[in-house]
Amino acid sequence: MSQREKYAIEIKNVTKIFGPDPQSALDLLKKGKSKAKVQAETGHVVGINDVSIHVEPGQVYVVMGLSGSGKSTLIRHVIRLIDPTSGEIYVHGTDVLGMSLPELREFRRTRIAMVFQKFGLLPHRSVIDNVAYGLEVRGIGKQERRMAAQRWIDTVGLSGYEESQPHHLSGGQQQRVGLARALSMDTDIILMDEAFSALDPLIRSGMQDELLKLQAELNKTILFITHDFDEALKIGNRIAILNDGAVVQEGRPEDIVLNPTDPHVEQFVADVNKARAIHVHTIMDVDVSESCEFSVPDTARCEDVLPLFADHEWVGVVDSEGNRVGRISARRVIKALARYHKAVTTGP
Ligand SMILES: Nc1ncnc2c1ncn2[C@@H]1O[C@H](COP(=O)(O)OP(=O)(O)O)[C@@H](O)[C@H]1O
Ligand SMILES: [Mg+2]
């Protein structure tokens, strides 16, 4: 298997310029002119600027950026709702840009599901018919698709609402319908464009938890778009940060929080809850010679261990098989959290 086939999604040097003569604007962009300069000189809008990312199977990959940074433009390329001005796109090694129209239609029907910010539900259909819609398009019979839909309605906690109309549901419930519809497609890739952004904070946080729980069972590949850095840190295995259509930093959440390499990223990091973002295993002492009375799993975050320091100087860290892989102290946690705070006192 080639490296390309091992990736679920690969986006390679993709640039998208909106306007009547994108090539002329592309030349300026390649000469290093900024999005603003290109726009001022040619009237063309740079949607995406030379983006390369790859998503491995089973990953939750988050693309994060402010409004207008190019997130929707990027995710739409993956199912070719938008064609790039230049660049390449592969899904499980298949060249998406090389697909014929029938191939593309089949690809969209069977390989990738999408969840939208505004839910995208069909207003005059019941919940169950909305959830079963993707299967209907695929030509699956009524009974079979309703059975499949019921399973996902139950999974997302909407049992009893099967025959309700979408407008009778709250925003959070409507988003669950959107999620159930995507899950019922049984694709291994799901694209989510600001899927939780329209929800109230508490509902949103609950949906994030549920997505993570579902993902632990289903092990899908999820490309998740958000403008919220906290959300990105909470759910992403990896994060790419977009600014003016270009990736300004890419990496694991803790790498970005511990080491922002770009002024734009530093601004996000300054406001974030670092105790939630940093996993203990990234800052632990790998010494395993001393025994520890109490241990946490290596998936724990700093905020999870903080209360333990009231009673323990050192807390052990164990891997998924229960083997000790290190230990962590309050001092280590504080050092990591304090790293990016400017000193407010100058000492004696
Ligand atoms: N169809 C279009 N025509 C012209 N410009 C567009 C079009 N779609 C998006 N853009 C521009 O591309 C940039 C990225 O937009 P978008 O991908 O929607 O950002 P985001 O999803 O991050 O808010 C913005 O400057 C936007 O104005
Ligand atoms: Mg968008």
# chains A, B, ... in the order shown; residues from 1 in each chain; ligands from 1

call {"tool": "select_by_dssp", "arguments": {"residues": "region 35-76 of chain A", "states": "helix (DSSP H, G or I)", "output": "ChimeraX atom specification"}}
result
/A:35-42,71-76

call {"tool": "write_last_selection", "arguments": {"atoms": "C-alpha atoms", "output": "short mmCIF file (atom, residue, chain, number, x, y, z; two decimals), in the first residue's frame"}}
result
data_model
loop_
_atom_site.label_atom_id
_atom_site.label_comp_id
_atom_site.auth_asym_id
_atom_site.auth_seq_id
_atom_site.Cartn_x
_atom_site.Cartn_y
_atom_site.Cartn_z
CA LYS A 35 -4.62 37.71 0.01
CA ALA A 36 -5.37 41.42 0.56
CA LYS A 37 -2.87 42.52 -2.13
CA VAL A 38 -4.20 40.02 -4.67
CA GLN A 39 -7.72 41.23 -3.97
CA ALA A 40 -6.77 44.90 -4.23
CA GLU A 41 -4.87 44.42 -7.49
CA THR A 42 -7.12 41.94 -9.30
CA LYS A 71 -12.65 26.51 6.26
CA SER A 72 -15.85 25.84 4.30
CA THR A 73 -14.05 26.32 0.99
CA LEU A 74 -11.50 23.71 2.05
CA ILE A 75 -13.94 21.06 3.29
CA ARG A 76 -16.13 21.42 0.19
#

call {"tool": "select_by_dssp", "arguments": {"residues": "region 44-243 of chain A", "states": "strand (DSSP E or B)", "output": "number ranges by chain"}}
result
A: 45-55, 60-65, 86-91, 94-95, 112-116, 189-193, 221-226, 238-243

call {"tool": "closest_residue", "arguments": {"among": "A:Val55, A:Met1, A:Leu158, A:Leu233", "to": "Lys220 (chain A)", "atoms": "only C-alpha atoms"}}
result
A:Val55

call {"tool": "residues_near_ligand", "arguments": {"ligand": "ligand 1", "cutoff": "12 Å", "atoms": "only C-alpha atoms and all ligand atoms", "output": "PyMOL selection string"}}
result
chain A and resi 15-20+22+35-36+38-39+43-49+63-77+81-83+116-117+192-195+197+224-228+241-247

call {"tool": "closest_residue", "arguments": {"among": "A:Ile153, A:Ala113, A:Ala132, A:Val248", "to": "Ser52 (chain A)", "atoms": "only C-alpha atoms"}}
result
A:Val248

call {"tool": "residues_around", "arguments": {"residues": "Val127 (chain A)", "least_positions_apart": "6", "cutoff": "9 Å", "atoms": "only C-alpha atoms", "output": "list in words"}}
result
Leu121, Ile153, Leu158, Tyr161, Glu162, Glu163, Ser164, Gln165, Pro166, Gln174 and Val177 of chain A

call {"tool": "closest_residue", "arguments": {"among": "A:Ile140, A:Leu97, A:Ala232, A:Ile89", "to": "Thr110 (chain A)", "atoms": "only C-alpha atoms"}}
result
A:Ile140

call {"tool": "residues_around", "arguments": {"residues": "Val257 (chain A)", "least_positions_apart": "4", "cutoff": "10 Å", "atoms": "only C-alpha atoms", "output": "PyMOL selection string"}}
result
chain A and resi 233+251-253+261+265-266+268-270+272-274+277-278+336-337+339-340

call {"tool": "residues_around", "arguments": {"residues": "Lys234 (chain A)", "least_positions_apart": "3", "cutoff": "8 Å", "atoms": "only C-alpha atoms", "output": "compact mmCIF listing (two decimals) with C-alpha atoms, in the first residue's frame"}}
result
# COMPACT_ATOMS: atom_id res chain seq x y z
CA GLN A 208 -18.79 17.32 21.76
CA ASP A 230 -11.42 25.32 22.70
CA GLU A 231 -13.62 23.03 20.63
CA ARG A 276 -7.71 21.22 29.48
CA ALA A 277 -5.56 21.27 26.38

call {"tool": "residues_around", "arguments": {"residues": "Gly157 (chain A)", "least_positions_apart": "5", "cutoff": "10 Å", "atoms": "only C-alpha atoms", "output": "compact mmCIF listing (two decimals) with C-alpha atoms, in the first residue's frame"}}
result
# COMPACT_ATOMS: atom_id res chain seq x y z
CA TRP A 152 -29.01 5.83 14.84
CA GLN A 173 -32.14 17.95 18.70
CA ARG A 176 -28.67 15.21 16.44
CA VAL A 177 -30.90 14.43 13.48
CA ALA A 180 -27.84 10.51 12.85

call {"tool": "atom_distance", "arguments": {"atom1": "CA of Phe119 (chain A)", "atom2": "CA of Gly58 (chain A)"}}
result
23.8 Å

call {"tool": "closest_residue", "arguments": {"among": "A:Lys118, A:His312, A:His168, A:Arg108", "to": "ligand 2", "atoms": "only C-alpha atoms and all ligand atoms"}}
result
A:Lys118

call {"tool": "atom_distance", "arguments": {"atom1": "CA of Glu217 (chain A)", "atom2": "CA of Asp188 (chain A)"}}
result
12.6 Å

call {"tool": "atom_distance", "arguments": {"atom1": "CA of Leu199 (chain A)", "atom2": "CA of Ser170 (chain A)"}}
result
9.6 Å

call {"tool": "closest_residue", "arguments": {"among": "A:Val317, A:Ala198, A:Ala240, A:Leu179", "to": "ligand 2", "atoms": "only C-alpha atoms and all ligand atoms"}}
result
A:Ala198

call {"tool": "residues_around", "arguments": {"residues": "Gly139 (chain A)", "least_positions_apart": "5", "cutoff": "12 Å", "atoms": "only C-alpha atoms", "output": "ChimeraX atom specification"}}
result
/A:106,109-110,132-134,144-145

call {"tool": "decode", "arguments": {"residues": "region 178-299 of chain A", "atoms": "C-alpha atoms", "output": "PDB file, in the first residue's frame"}}
result
ATOM      1  CA  GLY A 178     -28.172  15.761  11.169  1.00  0.00           C
ATOM      2  CA  LEU A 179     -25.594  13.615  12.950  1.00  0.00           C
ATOM      3  CA  ALA A 180     -27.841  10.511  12.848  1.00  0.00           C
ATOM      4  CA  ARG A 181     -28.386  11.058   9.121  1.00  0.00           C
ATOM      5  CA  ALA A 182     -24.635  11.170   8.523  1.00  0.00           C
ATOM      6  CA  LEU A 183     -24.039   8.095  10.694  1.00  0.00           C
ATOM      7  CA  SER A 184     -26.773   6.099   8.969  1.00  0.00           C
ATOM      8  CA  MET A 185     -24.867   6.501   5.701  1.00  0.00           C
ATOM      9  CA  ASP A 186     -22.338   4.102   7.219  1.00  0.00           C
ATOM     10  CA  THR A 187     -19.384   5.821   5.520  1.00  0.00           C
ATOM     11  CA  ASP A 188     -15.956   5.703   7.072  1.00  0.00           C
ATOM     12  CA  ILE A 189     -15.466   9.439   6.526  1.00  0.00           C
ATOM     13  CA  ILE A 190     -17.649  12.191   7.962  1.00  0.00           C
ATOM     14  CA  LEU A 191     -17.193  15.876   7.190  1.00  0.00           C
ATOM     15  CA  MET A 192     -18.549  18.309   9.770  1.00  0.00           C
ATOM     16  CA  ASP A 193     -18.652  22.007   8.878  1.00  0.00           C
ATOM     17  CA  GLU A 194     -19.205  24.027  12.069  1.00  0.00           C
ATOM     18  CA  ALA A 195     -21.688  21.337  13.051  1.00  0.00           C
ATOM     19  CA  PHE A 196     -21.948  22.528  16.658  1.00  0.00           C
ATOM     20  CA  SER A 197     -21.375  26.256  16.182  1.00  0.00           C
ATOM     21  CA  ALA A 198     -25.066  27.209  16.197  1.00  0.00           C
ATOM     22  CA  LEU A 199     -25.738  25.447  19.517  1.00  0.00           C
ATOM     23  CA  ASP A 200     -25.871  26.993  22.995  1.00  0.00           C
ATOM     24  CA  PRO A 201     -22.631  26.443  24.951  1.00  0.00           C
ATOM     25  CA  LEU A 202     -23.915  23.737  27.308  1.00  0.00           C
ATOM     26  CA  ILE A 203     -25.700  21.793  24.572  1.00  0.00           C
ATOM     27  CA  ARG A 204     -22.625  22.199  22.453  1.00  0.00           C
ATOM     28  CA  SER A 205     -20.306  20.845  25.089  1.00  0.00           C
ATOM     29  CA  GLY A 206     -22.652  17.856  25.506  1.00  0.00           C
ATOM     30  CA  MET A 207     -22.605  17.197  21.764  1.00  0.00           C
ATOM     31  CA  GLN A 208     -18.792  17.322  21.760  1.00  0.00           C
ATOM     32  CA  ASP A 209     -18.705  14.717  24.529  1.00  0.00           C
ATOM     33  CA  GLU A 210     -21.145  12.522  22.651  1.00  0.00           C
ATOM     34  CA  LEU A 211     -19.210  12.801  19.433  1.00  0.00           C
ATOM     35  CA  LEU A 212     -16.060  11.681  21.263  1.00  0.00           C
ATOM     36  CA  LYS A 213     -17.921   8.785  22.864  1.00  0.00           C
ATOM     37  CA  LEU A 214     -19.371   7.705  19.523  1.00  0.00           C
ATOM     38  CA  GLN A 215     -15.997   8.065  17.870  1.00  0.00           C
ATOM     39  CA  ALA A 216     -14.385   5.796  20.473  1.00  0.00           C
ATOM     40  CA  GLU A 217     -16.838   3.085  19.366  1.00  0.00           C
ATOM     41  CA  LEU A 218     -17.101   3.757  15.651  1.00  0.00           C
ATOM     42  CA  ASN A 219     -13.543   4.818  14.833  1.00  0.00           C
ATOM     43  CA  LYS A 220     -14.533   6.941  11.829  1.00  0.00           C
ATOM     44  CA  THR A 221     -12.363   9.464  10.067  1.00  0.00           C
ATOM     45  CA  ILE A 222     -13.797  12.862  10.902  1.00  0.00           C
ATOM     46  CA  LEU A 223     -12.805  16.150   9.302  1.00  0.00           C
ATOM     47  CA  PHE A 224     -14.247  18.722  11.663  1.00  0.00           C
ATOM     48  CA  ILE A 225     -14.395  22.445  11.021  1.00  0.00           C
ATOM     49  CA  THR A 226     -14.720  25.021  13.766  1.00  0.00           C
ATOM     50  CA  HIS A 227     -13.970  28.663  14.535  1.00  0.00           C
ATOM     51  CA  ASP A 228     -13.645  27.782  18.233  1.00  0.00           C
ATOM     52  CA  PHE A 229     -10.158  26.984  19.499  1.00  0.00           C
ATOM     53  CA  ASP A 230     -11.419  25.319  22.700  1.00  0.00           C
ATOM     54  CA  GLU A 231     -13.616  23.030  20.634  1.00  0.00           C
ATOM     55  CA  ALA A 232     -10.662  22.225  18.376  1.00  0.00           C
ATOM     56  CA  LEU A 233      -8.492  21.327  21.370  1.00  0.00           C
ATOM     57  CA  LYS A 234     -11.194  19.201  22.936  1.00  0.00           C
ATOM     58  CA  ILE A 235     -12.031  17.010  19.991  1.00  0.00           C
ATOM     59  CA  GLY A 236      -9.058  17.119  17.622  1.00  0.00           C
ATOM     60  CA  ASN A 237      -6.336  14.473  17.384  1.00  0.00           C
ATOM     61  CA  ARG A 238      -4.654  16.977  15.102  1.00  0.00           C
ATOM     62  CA  ILE A 239      -5.448  20.577  14.289  1.00  0.00           C
ATOM     63  CA  ALA A 240      -4.653  22.767  11.290  1.00  0.00           C
ATOM     64  CA  ILE A 241      -5.081  26.499  11.858  1.00  0.00           C
ATOM     65  CA  LEU A 242      -6.093  28.565   8.837  1.00  0.00           C
ATOM     66  CA  ASN A 243      -5.526  32.274   8.365  1.00  0.00           C
ATOM     67  CA  ASP A 244      -6.307  34.066   5.097  1.00  0.00           C
ATOM     68  CA  GLY A 245      -6.718  30.678   3.431  1.00  0.00           C
ATOM     69  CA  ALA A 246      -3.284  29.355   4.435  1.00  0.00           C
ATOM     70  CA  VAL A 247      -2.307  26.850   7.137  1.00  0.00           C
ATOM     71  CA  VAL A 248      -0.279  28.812   9.696  1.00  0.00           C
ATOM     72  CA  GLN A 249       0.300  25.891  12.074  1.00  0.00           C
ATOM     73  CA  GLU A 250      -0.514  22.194  12.137  1.00  0.00           C
ATOM     74  CA  GLY A 251      -0.009  19.603  14.829  1.00  0.00           C
ATOM     75  CA  ARG A 252      -1.311  17.832  17.888  1.00  0.00           C
ATOM     76  CA  PRO A 253      -3.362  20.041  20.222  1.00  0.00           C
ATOM     77  CA  GLU A 254      -0.707  20.078  22.913  1.00  0.00           C
ATOM     78  CA  ASP A 255       2.079  20.900  20.478  1.00  0.00           C
ATOM     79  CA  ILE A 256       0.150  23.940  19.363  1.00  0.00           C
ATOM     80  CA  VAL A 257      -0.649  25.041  22.907  1.00  0.00           C
ATOM     81  CA  LEU A 258       2.883  24.461  24.206  1.00  0.00           C
ATOM     82  CA  ASN A 259       4.602  25.866  21.173  1.00  0.00           C
ATOM     83  CA  PRO A 260       2.649  28.327  19.043  1.00  0.00           C
ATOM     84  CA  THR A 261       4.884  29.222  16.106  1.00  0.00           C
ATOM     85  CA  ASP A 262       2.844  32.031  14.626  1.00  0.00           C
ATOM     86  CA  PRO A 263       1.591  35.339  16.096  1.00  0.00           C
ATOM     87  CA  HIS A 264      -1.954  34.582  14.959  1.00  0.00           C
ATOM     88  CA  VAL A 265      -1.888  31.220  16.752  1.00  0.00           C
ATOM     89  CA  GLU A 266      -0.329  32.794  19.844  1.00  0.00           C
ATOM     90  CA  GLN A 267      -3.402  34.979  20.181  1.00  0.00           C
ATOM     91  CA  PHE A 268      -5.659  31.931  20.322  1.00  0.00           C
ATOM     92  CA  VAL A 269      -3.357  30.169  22.749  1.00  0.00           C
ATOM     93  CA  ALA A 270      -3.269  33.181  25.096  1.00  0.00           C
ATOM     94  CA  ASP A 271      -6.997  32.819  25.758  1.00  0.00           C
ATOM     95  CA  VAL A 272      -7.257  29.097  26.045  1.00  0.00           C
ATOM     96  CA  ASN A 273      -7.720  26.830  29.070  1.00  0.00           C
ATOM     97  CA  LYS A 274      -4.317  25.164  28.918  1.00  0.00           C
ATOM     98  CA  ALA A 275      -5.075  22.750  31.742  1.00  0.00           C
ATOM     99  CA  ARG A 276      -7.706  21.224  29.478  1.00  0.00           C
ATOM    100  CA  ALA A 277      -5.563  21.273  26.378  1.00  0.00           C
ATOM    101  CA  ILE A 278      -2.397  19.626  27.658  1.00  0.00           C
ATOM    102  CA  HIS A 279      -2.265  15.865  28.178  1.00  0.00           C
ATOM    103  CA  VAL A 280      -0.184  14.765  31.155  1.00  0.00           C
ATOM    104  CA  HIS A 281       1.817  12.290  29.076  1.00  0.00           C
ATOM    105  CA  THR A 282       3.357  15.136  27.062  1.00  0.00           C
ATOM    106  CA  ILE A 283       4.881  16.755  30.145  1.00  0.00           C
ATOM    107  CA  MET A 284       5.399  13.762  32.462  1.00  0.00           C
ATOM    108  CA  ASP A 285       8.651  12.597  33.995  1.00  0.00           C
ATOM    109  CA  VAL A 286       9.400   9.267  32.314  1.00  0.00           C
ATOM    110  CA  ASP A 287      10.981   7.912  35.485  1.00  0.00           C
ATOM    111  CA  VAL A 288       9.156   4.710  36.454  1.00  0.00           C
ATOM    112  CA  SER A 289      11.524   3.520  39.198  1.00  0.00           C
ATOM    113  CA  GLU A 290       9.575   5.088  42.079  1.00  0.00           C
ATOM    114  CA  SER A 291       6.178   3.612  42.798  1.00  0.00           C
ATOM    115  CA  CYS A 292       3.150   5.884  42.965  1.00  0.00           C
ATOM    116  CA  GLU A 293       0.174   5.403  45.213  1.00  0.00           C
ATOM    117  CA  PHE A 294      -2.233   6.745  42.618  1.00  0.00           C
ATOM    118  CA  SER A 295      -2.203   6.674  38.795  1.00  0.00           C
ATOM    119  CA  VAL A 296      -4.106   8.236  35.902  1.00  0.00           C
ATOM    120  CA  PRO A 297      -4.388   6.982  32.291  1.00  0.00           C
ATOM    121  CA  ASP A 298      -2.058   8.589  29.736  1.00  0.00           C
ATOM    122  CA  THR A 299      -5.117  10.126  28.070  1.00  0.00           C
TER     123      THR A 299
END
